[in-house]
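A.B. asks: Provided below: coords-v4.txt, containing compact mmCIF, C-alpha atoms.
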# COMPACT_ATOMS: atom_id res chain seq x y z
CA MET A 1082 -6.86 -25.20 -9.61
CA SER A 1083 -3.58 -26.20 -11.06
CA SER A 1084 -0.35 -24.37 -10.50
CA SER A 1085 -0.26 -23.24 -14.13
CA SER A 1086 -3.59 -21.43 -13.81
CA GLN A 1087 -2.18 -19.43 -10.88
CA LYS A 1088 1.14 -18.61 -12.58
CA PRO A 1089 -0.06 -15.26 -14.06
CA PHE A 1090 -0.58 -14.03 -10.49
CA ARG A 1091 3.13 -14.51 -9.87
CA ILE A 1092 3.87 -12.23 -12.83
CA LEU A 1093 1.19 -9.71 -11.77
CA GLY A 1094 2.55 -9.72 -8.21
CA LEU A 1095 6.11 -9.10 -9.39
CA ALA A 1096 4.93 -6.35 -11.76
CA TYR A 1097 2.96 -4.72 -8.94
CA SER A 1098 6.00 -4.95 -6.65
CA ALA A 1099 8.14 -3.28 -9.35
CA VAL A 1100 5.63 -0.43 -9.78
CA VAL A 1101 5.50 0.12 -6.02
CA SER A 1102 9.30 0.09 -5.84
CA ILE A 1103 9.58 2.70 -8.61
CA GLY A 1104 6.99 4.90 -6.87
CA ALA A 1105 8.81 4.49 -3.56
CA LEU A 1106 12.13 5.46 -5.14
CA CYS A 1107 10.48 8.58 -6.59
CA ALA A 1108 9.13 9.46 -3.13
CA ILE A 1109 12.58 8.94 -1.60
CA ILE A 1110 14.18 11.22 -4.21
CA TYR A 1111 11.47 13.83 -3.61
CA GLY A 1112 12.07 13.60 0.14
CA ILE A 1113 15.82 14.06 -0.33
CA VAL A 1114 15.18 17.09 -2.55
CA ARG A 1115 12.90 18.54 0.15
CA ILE A 1116 15.62 18.04 2.76
CA ALA A 1117 18.21 19.63 0.46
CA ASN A 1118 15.91 22.64 0.01
CA GLY A 1119 15.39 22.96 3.76
CA ASP A 1120 11.69 22.07 3.82
CA ASP A 1121 10.21 20.93 7.11
CA LEU A 1122 9.56 17.19 6.96
CA ILE A 1123 8.35 16.63 10.50
CA ALA A 1124 5.10 18.60 10.36
CA TYR A 1125 3.28 20.84 7.97
CA LYS A 1126 -0.10 22.50 8.00
CA MET A 1127 -2.65 21.08 5.66
CA PHE A 1128 -5.20 23.79 6.32
CA ASP A 1129 -4.40 27.47 6.15
CA HIS A 1130 -4.62 29.72 9.17
CA ASN A 1131 -7.90 31.64 9.41
CA PRO A 1132 -7.15 35.36 8.83
CA GLY A 1133 -9.18 36.68 11.79
CA GLU A 1134 -7.71 34.28 14.31
CA ALA A 1135 -4.76 35.03 16.60
CA SER A 1136 -1.88 32.67 15.95
CA MET A 1137 -0.25 31.40 19.13
CA GLY A 1138 1.21 28.07 18.11
CA PRO A 1139 -0.86 25.27 16.67
CA SER A 1140 -4.57 26.08 16.86
CA ARG A 1141 -7.76 24.39 15.71
CA SER A 1142 -7.17 25.51 12.15
CA TYR A 1143 -3.91 23.61 11.89
CA PHE A 1144 -3.82 19.94 11.14
CA TYR A 1145 -0.36 18.55 11.75
CA VAL A 1146 0.66 15.28 10.24
CA MET A 1147 3.62 14.24 12.33
CA LEU A 1148 6.37 12.23 10.70
CA PHE A 1149 4.00 10.50 8.26
CA SER A 1150 4.04 13.63 6.11
CA SER A 1151 7.56 12.78 5.13
CA PRO A 1152 7.71 11.40 1.60
CA LEU A 1153 11.16 10.10 2.48
CA LEU A 1154 9.79 7.95 5.31
CA GLN A 1155 6.82 6.81 3.24
CA GLY A 1156 9.12 5.93 0.36
CA VAL A 1157 11.41 3.87 2.59
CA VAL A 1158 8.46 1.98 4.13
CA TRP A 1159 6.94 1.21 0.71
CA LEU A 1160 10.32 0.25 -0.77
CA VAL A 1161 11.10 -2.17 2.04
CA SER A 1162 7.61 -3.67 1.93
CA SER A 1163 7.70 -4.09 -1.85
CA ILE A 1164 11.07 -5.83 -1.56
CA PHE A 1165 9.54 -8.19 1.01
CA LEU A 1166 6.68 -8.87 -1.43
CA ALA A 1167 9.06 -9.59 -4.32
CA VAL A 1168 11.25 -11.86 -2.18
CA GLY A 1169 8.14 -13.63 -0.90
CA ILE A 1170 6.97 -14.29 -4.45
CA LEU A 1171 10.36 -15.38 -5.76
CA LYS A 1172 11.22 -17.59 -2.76
CA HIS A 1173 7.64 -18.89 -2.30
CA ASN A 1174 7.58 -17.42 1.22
CA ILE A 1175 3.91 -17.11 2.03
CA VAL A 1176 4.64 -15.31 5.34
CA PHE A 1177 6.18 -12.36 3.48
CA VAL A 1178 3.27 -12.10 1.06
CA ARG A 1179 0.67 -12.34 3.82
CA GLY A 1180 2.62 -9.76 5.83
CA TYR A 1181 2.57 -7.42 2.84
CA ARG A 1182 -1.17 -7.98 2.50
CA VAL A 1183 -1.71 -6.95 6.14
CA HIS A 1184 0.53 -3.90 5.60
CA PHE A 1185 -1.46 -2.98 2.48
CA VAL A 1186 -4.84 -3.33 4.23
CA VAL A 1187 -3.75 -1.16 7.16
CA ILE A 1188 -2.17 1.55 4.97
CA SER A 1189 -5.20 1.57 2.67
CA ALA A 1190 -7.62 1.92 5.59
CA VAL A 1191 -5.60 4.81 7.04
CA ALA A 1192 -5.32 6.52 3.63
CA LEU A 1193 -9.04 6.20 2.91
CA THR A 1194 -9.93 7.46 6.39
CA LEU A 1195 -7.64 10.50 6.07
CA PHE A 1196 -8.97 11.19 2.57
CA ILE A 1197 -12.57 11.15 3.83
CA VAL A 1198 -11.82 13.24 6.92
CA ILE A 1199 -9.94 15.90 4.93
CA HIS A 1200 -12.70 16.22 2.34
CA ILE A 1201 -15.47 16.32 4.94
CA TYR A 1202 -13.53 19.02 6.79
CA ASN A 1203 -13.17 21.02 3.57
CA LEU A 1204 -16.84 20.55 2.79
CA VAL A 1205 -18.07 21.60 6.26
CA HIS A 1206 -15.58 24.29 7.29
CA ARG A 1207 -14.35 25.66 4.01
CA LYS A 1208 -17.59 25.38 2.06
CA TYR A 1209 -15.88 23.88 -0.99
CA PRO A 1210 -18.80 22.52 -3.02
CA VAL A 1211 -16.50 20.53 -5.32
CA SER A 1212 -15.15 18.65 -2.29
CA ILE A 1213 -18.17 16.30 -2.28
CA LEU A 1214 -17.39 15.32 -5.87
CA PHE A 1215 -13.74 14.68 -5.00
CA LEU A 1216 -14.86 12.72 -1.95
CA VAL A 1217 -17.16 10.40 -3.88
CA VAL A 1218 -14.99 9.92 -6.97
CA GLY A 1219 -11.74 9.67 -5.02
CA SER A 1220 -13.18 7.16 -2.56
CA CYS A 1221 -14.53 5.03 -5.40
CA VAL A 1222 -11.18 5.07 -7.20
CA MET A 1223 -9.32 4.15 -4.00
CA ILE A 1224 -11.72 1.27 -3.33
CA VAL A 1225 -11.39 -0.05 -6.91
CA PHE A 1226 -7.58 0.00 -6.65
CA PHE A 1227 -7.78 -1.69 -3.24
CA VAL A 1228 -9.96 -4.50 -4.61
CA LEU A 1229 -7.70 -4.96 -7.65
CA ILE A 1230 -4.52 -5.16 -5.59
CA MET A 1231 -6.14 -7.50 -3.05
CA TRP A 1232 -7.19 -9.75 -5.95
CA ILE A 1233 -3.56 -9.84 -7.13
CA LEU A 1234 -2.20 -10.51 -3.62
CA ASN A 1235 -4.73 -13.27 -2.94
CA GLY A 1236 -3.87 -14.81 -6.32
CA VAL A 1237 -0.18 -14.74 -5.42
CA ILE A 1238 -0.96 -16.47 -2.12
CA ARG A 1239 -2.98 -19.16 -3.95
CA TYR A 1240 -0.07 -19.58 -6.40
CA ILE A 1241 2.43 -20.10 -3.58
CA GLU A 1242 0.11 -22.54 -1.79
CA THR A 1243 -0.39 -24.63 -4.94
CA GLU A 1244 3.35 -24.59 -5.67
CA ARG A 1245 4.07 -25.84 -2.16
CA LYS A 1246 1.51 -28.62 -2.48
CA SER A 1247 2.82 -29.71 -5.87
CA SER A 1248 6.46 -29.67 -4.67
CA ASN A 1249 5.61 -32.13 -1.86
CA TRP A 1250 5.11 -34.95 -4.39
CA ILE A 1251 8.24 -36.81 -5.52
CA LEU A 1252 8.75 -39.34 -8.30
CA ASP A 1253 11.27 -41.98 -7.31
CA THR A 1254 13.38 -44.16 -9.62
CA ASN A 1255 10.67 -46.86 -9.86
CA HIS A 1256 8.15 -44.22 -10.99
CA ILE A 1257 6.19 -44.47 -7.77
CA ILE A 1258 4.76 -41.19 -6.62
CA TYR A 1259 4.72 -40.50 -2.92
CA GLN A 1260 4.22 -37.44 -0.78
CA VAL A 1261 6.96 -35.98 1.39
CA ALA A 1262 5.79 -35.40 4.94
Rewrite the coordinates I just gave you, this time as structure tokens.
C.D. replies:
Amino acid sequence: MSSSSQKPFRILGLAYSAVVSIGALCAIIYGIVRIANGDDLIAYKMFDHNPGEASMGPSRSYFYVMLFSSPLLQGVVWLVSSIFLAVGILKHNIVFVRGYRVHFVVISAVALTLFIVIHIYNLVHRKYPVSILFLVVGSCVMIVFFVLIMWILNGVIRYIETERKSSNWILDTNHIIYQVA
């Protein structure tokens, strides 16, 4: 494929990076507001305490998400990674784009796993019948977004590879084309 057929992926990659950056900035602002209001950012309970159970510290009914529950931390991680993606696209640095792709795969796998575990827990222990619907629909939506973003990232990588190959050819003053080693 020619470089021009891959050029839209550059634009899609930069647009995706901008959307992620905006979302990350919103998460950072939300995290700062939570800190200003005195909310606990280190751990919070995702499942309520069972009324008949004695509460002596964290028990089975508590699910603590340590440090990763912080929207401030998540926002900073996503902002930094989206900046790396944008710089990688603009500077044709394939290492940055591939690094972002690895980051995205890992984060997506963790998010999907947590999503499934939480909804299975709610379905089994809480007897929420609607949880199975959320589980199926939510998992499908997450997988569709994952595939779409991977398509964009792989297109960006192909774009950078074709740009590198095409920039290795030089036209000298006698109009002889040769490849730079």
A.B. asks: Please measure the separation of CA of His1184 (chain A) and CA of Arg1115 (chain A), giving the value in Å to one decimal.
C.D. replies: 26.2 Å
A.B. asks: Place a sphere of radius 10 Å on (5.0, 1.3, 1.3) in the file coordinates and name every protein, DNA or RNA residue with an atom inside or on its surface, counting all atoms listed in the file; give the answer as a count of residues only.
C.D. replies: 19
A.B. asks: I'd like the interatomic distance between CA of Leu1095 (chain A) and CA of Glu1244 (chain A), to a tenth of an Å.
C.D. replies: 16.2 Å
A.B. asks: Which region 1164-1199 of chain A residues have any atom within 7 Å of an atom of region 1223-1240 of chain A, and for each, what is the nearest pair of atoms with distance in Å to one decimal, counting only C-alpha atoms, rows sorted by chain and number, as CSV?
C.D. replies:
residue,atom,partner,partner_atom,distance
A:Ile1175,CA,A:Ile1238,CA,6.4
A:Val1178,CA,A:Ile1238,CA,6.9
A:Arg1182,CA,A:Leu1234,CA,6.7
A.B. asks: Produce a file of the selected residues containing C-alpha atoms, as a compact mmCIF listing (two decimals), in the coordinates of the input.
C.D. replies:
# COMPACT_ATOMS: atom_id res chain seq x y z
CA ILE A 1175 3.91 -17.11 2.03
CA VAL A 1178 3.27 -12.10 1.06
CA ARG A 1182 -1.17 -7.98 2.50
A.B. asks: Choose the residue, out of A:Ala1099, A:Arg1245, A:Val1187, A:Lys1088, that has the smallest atom-to-atom separation from Phe1165 (chain A); count only C-alpha atoms.
C.D. replies: A:Ala1099
A.B. asks: Find the distance between CA of Ser1212 (chain A) and CA of Ile1199 (chain A) and write it in Å to one decimal.
C.D. replies: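 Those two atoms sit 9.3 Å apart.
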A.B. asks: So that all listed atoms of region 1168-1179 of chain A fit with 6 Å spare on each side, what axis-aligned box centre and edge lengths in Å, to one decimal, would you give as lines of an AutoDock Vina configuration file?
C.D. replies:
center_x = 6.0
center_y = -15.4
center_z = -0.2
size_x = 22.6
size_y = 19.0
size_z = 23.1
A.B. asks: Pick from A:Glu1242, A:Thr1194, A:Leu1216, A:Ala1117: nearest to Arg1179 (chain A), with all atoms listed in the file counted?
C.D. replies: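 For Arg1179 (chain A), the nearest of the given residues is A:Glu1242.
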A.B. asks: Generate the coordinates of N, CA, C and O atoms for region 1093-1119 of chain A; report them as a compact mmCIF listing (two decimals), in the frame of the given file.
C.D. replies:
# COMPACT_ATOMS: atom_id res chain seq x y z
N LEU A 1093 1.89 -10.94 -12.20
CA LEU A 1093 1.19 -9.71 -11.77
C LEU A 1093 1.74 -9.20 -10.45
O LEU A 1093 1.91 -7.99 -10.25
N GLY A 1094 2.01 -10.11 -9.51
CA GLY A 1094 2.55 -9.72 -8.21
C GLY A 1094 3.93 -9.08 -8.34
O GLY A 1094 4.22 -8.08 -7.69
N LEU A 1095 4.77 -9.67 -9.18
CA LEU A 1095 6.11 -9.10 -9.39
C LEU A 1095 6.03 -7.75 -10.10
O LEU A 1095 6.78 -6.82 -9.78
N ALA A 1096 5.11 -7.64 -11.06
CA ALA A 1096 4.93 -6.35 -11.76
C ALA A 1096 4.42 -5.29 -10.78
O ALA A 1096 4.90 -4.15 -10.79
N TYR A 1097 3.47 -5.66 -9.94
CA TYR A 1097 2.96 -4.72 -8.94
C TYR A 1097 4.07 -4.30 -7.98
O TYR A 1097 4.21 -3.12 -7.65
N SER A 1098 4.89 -5.26 -7.54
CA SER A 1098 6.00 -4.95 -6.65
C SER A 1098 6.98 -3.99 -7.32
O SER A 1098 7.51 -3.07 -6.68
N ALA A 1099 7.24 -4.18 -8.62
CA ALA A 1099 8.14 -3.28 -9.35
C ALA A 1099 7.56 -1.87 -9.44
O ALA A 1099 8.29 -0.88 -9.24
N VAL A 1100 6.27 -1.76 -9.70
CA VAL A 1100 5.63 -0.43 -9.78
C VAL A 1100 5.70 0.27 -8.43
O VAL A 1100 6.01 1.46 -8.35
N VAL A 1101 5.43 -0.47 -7.36
CA VAL A 1101 5.50 0.12 -6.02
C VAL A 1101 6.93 0.55 -5.70
O VAL A 1101 7.15 1.63 -5.13
N SER A 1102 7.90 -0.25 -6.09
CA SER A 1102 9.30 0.09 -5.84
C SER A 1102 9.71 1.36 -6.59
O SER A 1102 10.40 2.23 -6.03
N ILE A 1103 9.27 1.49 -7.83
CA ILE A 1103 9.58 2.70 -8.61
C ILE A 1103 8.93 3.92 -7.96
O ILE A 1103 9.56 4.97 -7.82
N GLY A 1104 7.66 3.79 -7.56
CA GLY A 1104 6.99 4.90 -6.87
C GLY A 1104 7.67 5.26 -5.57
O GLY A 1104 7.82 6.44 -5.22
N ALA A 1105 8.12 4.25 -4.83
CA ALA A 1105 8.81 4.49 -3.56
C ALA A 1105 10.14 5.20 -3.80
O ALA A 1105 10.51 6.12 -3.04
N LEU A 1106 10.86 4.78 -4.82
CA LEU A 1106 12.13 5.46 -5.14
C LEU A 1106 11.89 6.92 -5.51
O LEU A 1106 12.68 7.80 -5.12
N CYS A 1107 10.82 7.19 -6.26
CA CYS A 1107 10.48 8.58 -6.59
C CYS A 1107 10.17 9.38 -5.33
O CYS A 1107 10.59 10.54 -5.20
N ALA A 1108 9.44 8.79 -4.39
CA ALA A 1108 9.13 9.46 -3.13
C ALA A 1108 10.39 9.72 -2.33
O ALA A 1108 10.54 10.78 -1.70
N ILE A 1109 11.31 8.76 -2.32
CA ILE A 1109 12.58 8.94 -1.60
C ILE A 1109 13.38 10.09 -2.21
O ILE A 1109 13.91 10.95 -1.50
N ILE A 1110 13.46 10.13 -3.53
CA ILE A 1110 14.18 11.22 -4.21
C ILE A 1110 13.52 12.55 -3.90
O ILE A 1110 14.20 13.54 -3.59
N TYR A 1111 12.18 12.59 -3.94
CA TYR A 1111 11.47 13.83 -3.61
C TYR A 1111 11.75 14.26 -2.17
O TYR A 1111 11.97 15.44 -1.90
N GLY A 1112 11.76 13.29 -1.25
CA GLY A 1112 12.07 13.60 0.14
C GLY A 1112 13.48 14.14 0.32
O GLY A 1112 13.71 15.08 1.08
N ILE A 1113 14.43 13.57 -0.40
CA ILE A 1113 15.82 14.06 -0.33
C ILE A 1113 15.92 15.47 -0.89
O ILE A 1113 16.61 16.33 -0.33
N VAL A 1114 15.19 15.73 -1.98
CA VAL A 1114 15.18 17.09 -2.55
C VAL A 1114 14.57 18.07 -1.56
O VAL A 1114 15.07 19.19 -1.40
N ARG A 1115 13.50 17.66 -0.86
CA ARG A 1115 12.90 18.54 0.15
C ARG A 1115 13.88 18.83 1.28
O ARG A 1115 13.95 19.95 1.78
N ILE A 1116 14.63 17.83 1.70
CA ILE A 1116 15.62 18.04 2.76
C ILE A 1116 16.71 18.99 2.26
O ILE A 1116 17.14 19.90 2.97
N ALA A 1117 17.16 18.78 1.03
CA ALA A 1117 18.21 19.63 0.46
C ALA A 1117 17.75 21.08 0.35
O ALA A 1117 18.55 22.00 0.49
N ASN A 1118 16.45 21.28 0.12
CA ASN A 1118 15.91 22.64 0.01
C ASN A 1118 15.52 23.22 1.36
O ASN A 1118 15.04 24.34 1.43
N GLY A 1119 15.68 22.45 2.42
CA GLY A 1119 15.39 22.96 3.76
C GLY A 1119 13.93 22.94 4.14
O GLY A 1119 13.53 23.62 5.08
